[in-house]
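J.: Structure in structure tokens, see below.
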Amino acid sequence: MRLERTRILLADDHALVRRGLRMILDAEPDLVVVAEAGNGAEAVELAGEGVDLAILDIAMPRMTGIQAAREISRRAPEVRLLMLSMYDNEQYLFESLKAGASGYVLKSVADRDLLEACRAAMRGEPFLYPGAVTALIRDFLQRDTRGEELPGSLLTPREEEIVKLIAEGHSSKAIADMLVISIKTVDRHRANVLAKLGMRDRLELTRYAIRAGLIEP
């Protein structure tokens with residue numbers, strides 16, 4: 001009887017990383033990489049029909065893995081999601097889970113953890129490295145003690161996309177061209193974001209983007 005293989009989309013902006021991960025995945029009888037993306041926007045376009053599982057690097061240009069995960073969850077909710085990160089970072093972890101990811105794998109141990117994470121995701125089970133489990137438990141206990149809820153994002157997905165591009169140093173014209181919207185619309189989004197966050201300029205927006213995990217420090 002022929003084994004049904006899980007069809008995987010692999011998204012990372014480093015071709016060498018993609019090649020290494022692909023070799024690990026394609027060597028397995030139940031897993032096969034069917035598509036590759038070099039940024040989050042490409043991943044969103046490719047994560048439609050013919051993909052069972054998307055593996056997304058968190059820190060990608062144009063659109064982060066977390067932004068891509070949100071969009072894929074909205075467009076193709078049947079696709080399972082796994083996040084890959086160089087960082088053992090609680091903010092990234094929480095944002096990944098809120099975006100719909102089934103698991104969070106550290107790149108430093110991807111050769112050890114990635115295969116099990118893929119299989120867990122396809123079984124509908126979460127996969128978290130030990131430090132992530134500790135962080136989740138600690139956060140739950142702290143929130144329970146304070147009687148708090150985790151705040152949702154203040155910004156819409158489009159506003160986050162524009163904040164990321166501003167923080168990466170793109171001009172309003174360049175952002176307008178990339179997103180196929182008018183410069184006036186970009187400027188309106190920028191003004192709305194500054195008002196919502198109580199900020200004044202690009203420098204403060206860049207600091208926010210780093211704290212929110214939209215760009216790397």
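Labeling convention for the structure tokens: chains A, B, ... as they appear, residues from 1 per chain, ligands from 1 in order of appearance.
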Go through range 25-127 of chain A residue by residue and, counting only C-alpha atoms, keep those with an atom at most 12 Å from range 170-190 of chain A; for each kept residue give the shortest atom pair and its distance in Å to one decimal, ordered by chain and increasing number, as a tab-separated table.

T.:
residue	atom	partner	partner_atom	distance
A:Ala41	CA	A:Leu179	CA	10.4
A:Pro61	CA	A:His170	CA	11.7
A:Arg62	CA	A:Met178	CA	8.8
A:Met63	CA	A:Leu179	CA	11.1

J.: Quick one: residues within 8 Å of Ala117 in chain A, only C-alpha atoms counted, chain neighbours fewer than 5 positions away excluded, as a PyMOL selection string?

T.: chain A and resi 82+103+105+126-127

J.: Only all heavy atoms, please: the residues just picked out, written as a PDB file, in the first residue's frame.

T.:
ATOM      1  N   LEU A  82       3.571  25.523  10.823  1.00  0.00           N
ATOM      2  CA  LEU A  82       4.683  25.372  11.773  1.00  0.00           C
ATOM      3  C   LEU A  82       5.590  26.581  11.625  1.00  0.00           C
ATOM      4  O   LEU A  82       5.893  26.994  10.501  1.00  0.00           O
ATOM      5  CB  LEU A  82       5.516  24.129  11.441  1.00  0.00           C
ATOM      6  CG  LEU A  82       5.143  22.776  12.001  1.00  0.00           C
ATOM      7  CD1 LEU A  82       6.193  21.759  11.553  1.00  0.00           C
ATOM      8  CD2 LEU A  82       5.035  22.796  13.512  1.00  0.00           C
ATOM      9  N   GLY A 103       2.877  24.624  15.875  1.00  0.00           N
ATOM     10  CA  GLY A 103       4.138  24.361  16.555  1.00  0.00           C
ATOM     11  C   GLY A 103       5.171  25.436  16.294  1.00  0.00           C
ATOM     12  O   GLY A 103       5.020  26.277  15.395  1.00  0.00           O
ATOM     13  N   VAL A 105       9.440  25.657  16.168  1.00  0.00           N
ATOM     14  CA  VAL A 105      10.673  24.865  16.152  1.00  0.00           C
ATOM     15  C   VAL A 105      11.874  25.803  16.086  1.00  0.00           C
ATOM     16  O   VAL A 105      11.908  26.715  15.247  1.00  0.00           O
ATOM     17  CB  VAL A 105      10.689  23.917  14.930  1.00  0.00           C
ATOM     18  CG1 VAL A 105      12.001  23.130  14.862  1.00  0.00           C
ATOM     19  CG2 VAL A 105       9.505  22.966  14.972  1.00  0.00           C
ATOM     20  N   PRO A 126      -0.164  19.887  19.072  1.00  0.00           N
ATOM     21  CA  PRO A 126       0.830  20.965  19.135  1.00  0.00           C
ATOM     22  C   PRO A 126       2.240  20.404  19.301  1.00  0.00           C
ATOM     23  O   PRO A 126       2.414  19.312  19.828  1.00  0.00           O
ATOM     24  CB  PRO A 126       0.421  21.760  20.380  1.00  0.00           C
ATOM     25  CG  PRO A 126      -0.267  20.756  21.251  1.00  0.00           C
ATOM     26  CD  PRO A 126      -0.940  19.783  20.321  1.00  0.00           C
ATOM     27  N   PHE A 127       3.232  21.162  18.818  1.00  0.00           N
ATOM     28  CA  PHE A 127       4.628  20.792  19.068  1.00  0.00           C
ATOM     29  C   PHE A 127       5.354  22.019  19.605  1.00  0.00           C
ATOM     30  O   PHE A 127       5.436  23.048  18.932  1.00  0.00           O
ATOM     31  CB  PHE A 127       5.338  20.302  17.805  1.00  0.00           C
ATOM     32  CG  PHE A 127       6.767  19.907  18.075  1.00  0.00           C
ATOM     33  CD1 PHE A 127       7.092  18.605  18.411  1.00  0.00           C
ATOM     34  CD2 PHE A 127       7.787  20.856  18.061  1.00  0.00           C
ATOM     35  CE1 PHE A 127       8.398  18.236  18.712  1.00  0.00           C
ATOM     36  CE2 PHE A 127       9.108  20.509  18.366  1.00  0.00           C
ATOM     37  CZ  PHE A 127       9.401  19.193  18.683  1.00  0.00           C
TER      38      PHE A 127
END

J.: Enumerate the residues of range 10-176 of chain A with a DSSP assignment of alpha helix (DSSP H), computed from the backbone, and present them as an MDAnalysis selection string.

T.: chainID A and resid 15:26 40:46 65:75 90:98 110:122 130:146 157:167 172:176

J.: Excluding same-chain residues fewer than 4 positions from Ala76 in chain A, what lies within 8 Å of it counting only C-alpha atoms, as a list in words?

T.: Ala47, Gly48 and Ile72 of chain A

J.: Take the residues that were just selected and, keeping N, CA, C and O atoms, output them as a short mmCIF file (atom, residue, chain, number, x, y, z; two decimals), in the first residue's frame.

T.:
data_model
loop_
_atom_site.label_atom_id
_atom_site.label_comp_id
_atom_site.auth_asym_id
_atom_site.auth_seq_id
_atom_site.Cartn_x
_atom_site.Cartn_y
_atom_site.Cartn_z
N ALA A 47 0.45 28.86 -0.69
CA ALA A 47 -0.16 27.96 0.30
C ALA A 47 -1.62 27.66 0.02
O ALA A 47 -2.45 27.67 0.90
N GLY A 48 -1.93 27.39 -1.21
CA GLY A 48 -3.31 27.07 -1.54
C GLY A 48 -3.48 25.58 -1.76
O GLY A 48 -3.03 24.77 -0.96
N ILE A 72 -2.55 32.97 5.81
CA ILE A 72 -2.81 31.60 5.34
C ILE A 72 -3.96 30.99 6.14
O ILE A 72 -4.83 30.32 5.58
#

J.: Considering only C-alpha atoms, can you say which of A:Leu93, A:Leu165, A:Leu46, A:Ala110 comes closest to Gly131 in chain A?

T.: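 Comparing A:Leu93, A:Leu165, A:Leu46, A:Ala110 against Gly131 in chain A, the winner is A:Leu93.
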
J.: Considering only C-alpha atoms, return as a PyMOL selection string whatever protein or nucleic-acid residues lie within 9 Å of Ala11 in chain A, sequence-local ones (same chain, fewer than 4 positions apart) excluded.

T.: chain A and resi 18+35-40+42-43+54-57+60+65

J.: Next, the residues of the selection above should be written as a tab-separated table (two decimals), in the first residue's frame with N, CA and C atoms.

T.:
chain	number	residue	atom	x	y	z
A	18	ARG	N	16.83	26.63	3.20
A	18	ARG	CA	15.77	25.86	2.54
A	18	ARG	C	16.32	24.54	1.99
A	35	ALA	N	6.76	22.92	-2.59
A	35	ALA	CA	6.90	24.33	-2.97
A	35	ALA	C	7.85	25.03	-2.00
A	36	GLU	N	8.55	26.05	-2.52
A	36	GLU	CA	9.45	26.85	-1.69
A	36	GLU	C	9.14	28.33	-1.89
A	37	ALA	N	9.29	29.11	-0.82
A	37	ALA	CA	9.07	30.55	-0.89
A	37	ALA	C	10.24	31.27	-0.21
A	38	GLY	N	10.60	32.44	-0.75
A	38	GLY	CA	11.70	33.21	-0.18
A	38	GLY	C	11.26	34.34	0.73
A	39	ASN	N	9.93	34.57	0.81
A	39	ASN	CA	9.42	35.57	1.76
A	39	ASN	C	7.97	35.22	2.10
A	40	GLY	N	7.41	35.96	3.06
A	40	GLY	CA	6.07	35.64	3.56
A	40	GLY	C	4.98	35.84	2.52
A	42	GLU	N	5.22	35.51	-0.76
A	42	GLU	CA	5.27	34.36	-1.67
A	42	GLU	C	4.60	33.14	-1.03
A	43	ALA	N	4.89	32.94	0.26
A	43	ALA	CA	4.32	31.79	0.98
A	43	ALA	C	2.79	31.84	0.95
A	54	ALA	N	2.49	24.18	5.95
A	54	ALA	CA	3.42	25.27	5.63
A	54	ALA	C	4.40	25.44	6.79
A	55	ILE	N	5.70	25.41	6.47
A	55	ILE	CA	6.75	25.66	7.47
A	55	ILE	C	7.29	27.04	7.18
A	56	LEU	N	7.10	27.98	8.12
A	56	LEU	CA	7.38	29.39	7.89
A	56	LEU	C	8.47	29.91	8.82
A	57	ASP	N	9.53	30.47	8.24
A	57	ASP	CA	10.53	31.16	9.05
A	57	ASP	C	9.90	32.44	9.59
A	60	MET	N	11.28	37.01	7.96
A	60	MET	CA	11.43	37.09	6.50
A	60	MET	C	11.14	38.51	6.03
A	65	GLY	N	6.90	35.67	8.89
A	65	GLY	CA	6.23	34.38	8.97
A	65	GLY	C	4.93	34.46	9.76

J.: Nearest residue to Ile8 in chain A out of A:Met23, A:Val109, A:Ala68, A:Val34, using only C-alpha atoms?

T.: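 For Ile8 in chain A, the nearest of the given residues is A:Val34.
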
J.: Please measure the separation of CA of Glu28 in chain A and CA of Asp12 in chain A, giving the value in Å to one decimal.

T.: 20.2 Å

J.: Tell me which of A:Met86, A:Val32, A:Val44, A:Ile24 sits closest to Arg112 in chain A, counting only C-alpha atoms.

T.: A:Ile24

J.: Determine which residues of range 53-203 of chain A DSSP labels as strand (DSSP E or B) from the backbone of this structure, then write them out as a count of residues only.

T.: 17

J.: Under the rule of at most 8 Å, produce a per-residue listing of range 40-98 of chain A near range 199-214 of chain A: chain, number, name, the closest pair of atoms, and the distance in Å, as a Markdown table, using only C-alpha atoms.

T.:
| residue | atom | partner | partner_atom | distance |
| --- | --- | --- | --- | --- |
| A:Ala59 | CA | A:Leu214 | CA | 7.6 |
| A:Thr64 | CA | A:Leu214 | CA | 6.3 |
| A:Gln91 | CA | A:Gly213 | CA | 7.1 |
| A:Tyr92 | CA | A:Gly213 | CA | 6.2 |

J.: Write the selection just made, keeping N, CA, C and O atoms, as a PDB file, in the first residue's frame?

T.:
ATOM      1  N   ALA A  59      11.404  35.336  10.676  1.00  0.00           N
ATOM      2  CA  ALA A  59      12.022  36.595  10.237  1.00  0.00           C
ATOM      3  C   ALA A  59      12.275  36.579   8.738  1.00  0.00           C
ATOM      4  O   ALA A  59      13.340  36.163   8.286  1.00  0.00           O
ATOM      5  N   THR A  64       6.445  39.004   7.457  1.00  0.00           N
ATOM      6  CA  THR A  64       7.035  38.029   8.392  1.00  0.00           C
ATOM      7  C   THR A  64       6.280  36.704   8.324  1.00  0.00           C
ATOM      8  O   THR A  64       5.160  36.631   7.806  1.00  0.00           O
ATOM      9  N   GLN A  91       7.752  36.478  22.891  1.00  0.00           N
ATOM     10  CA  GLN A  91       6.846  37.300  22.077  1.00  0.00           C
ATOM     11  C   GLN A  91       6.541  36.590  20.754  1.00  0.00           C
ATOM     12  O   GLN A  91       5.389  36.494  20.321  1.00  0.00           O
ATOM     13  N   TYR A  92       7.615  36.095  20.088  1.00  0.00           N
ATOM     14  CA  TYR A  92       7.422  35.376  18.826  1.00  0.00           C
ATOM     15  C   TYR A  92       6.553  34.136  19.039  1.00  0.00           C
ATOM     16  O   TYR A  92       5.694  33.812  18.228  1.00  0.00           O
TER      17      TYR A  92
END

J.: Rounded to one decimal in Å, what is the spacing between CA of Leu97 in chain A and CA of Met83 in chain A?

T.: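 It comes out at 9.1 Å.
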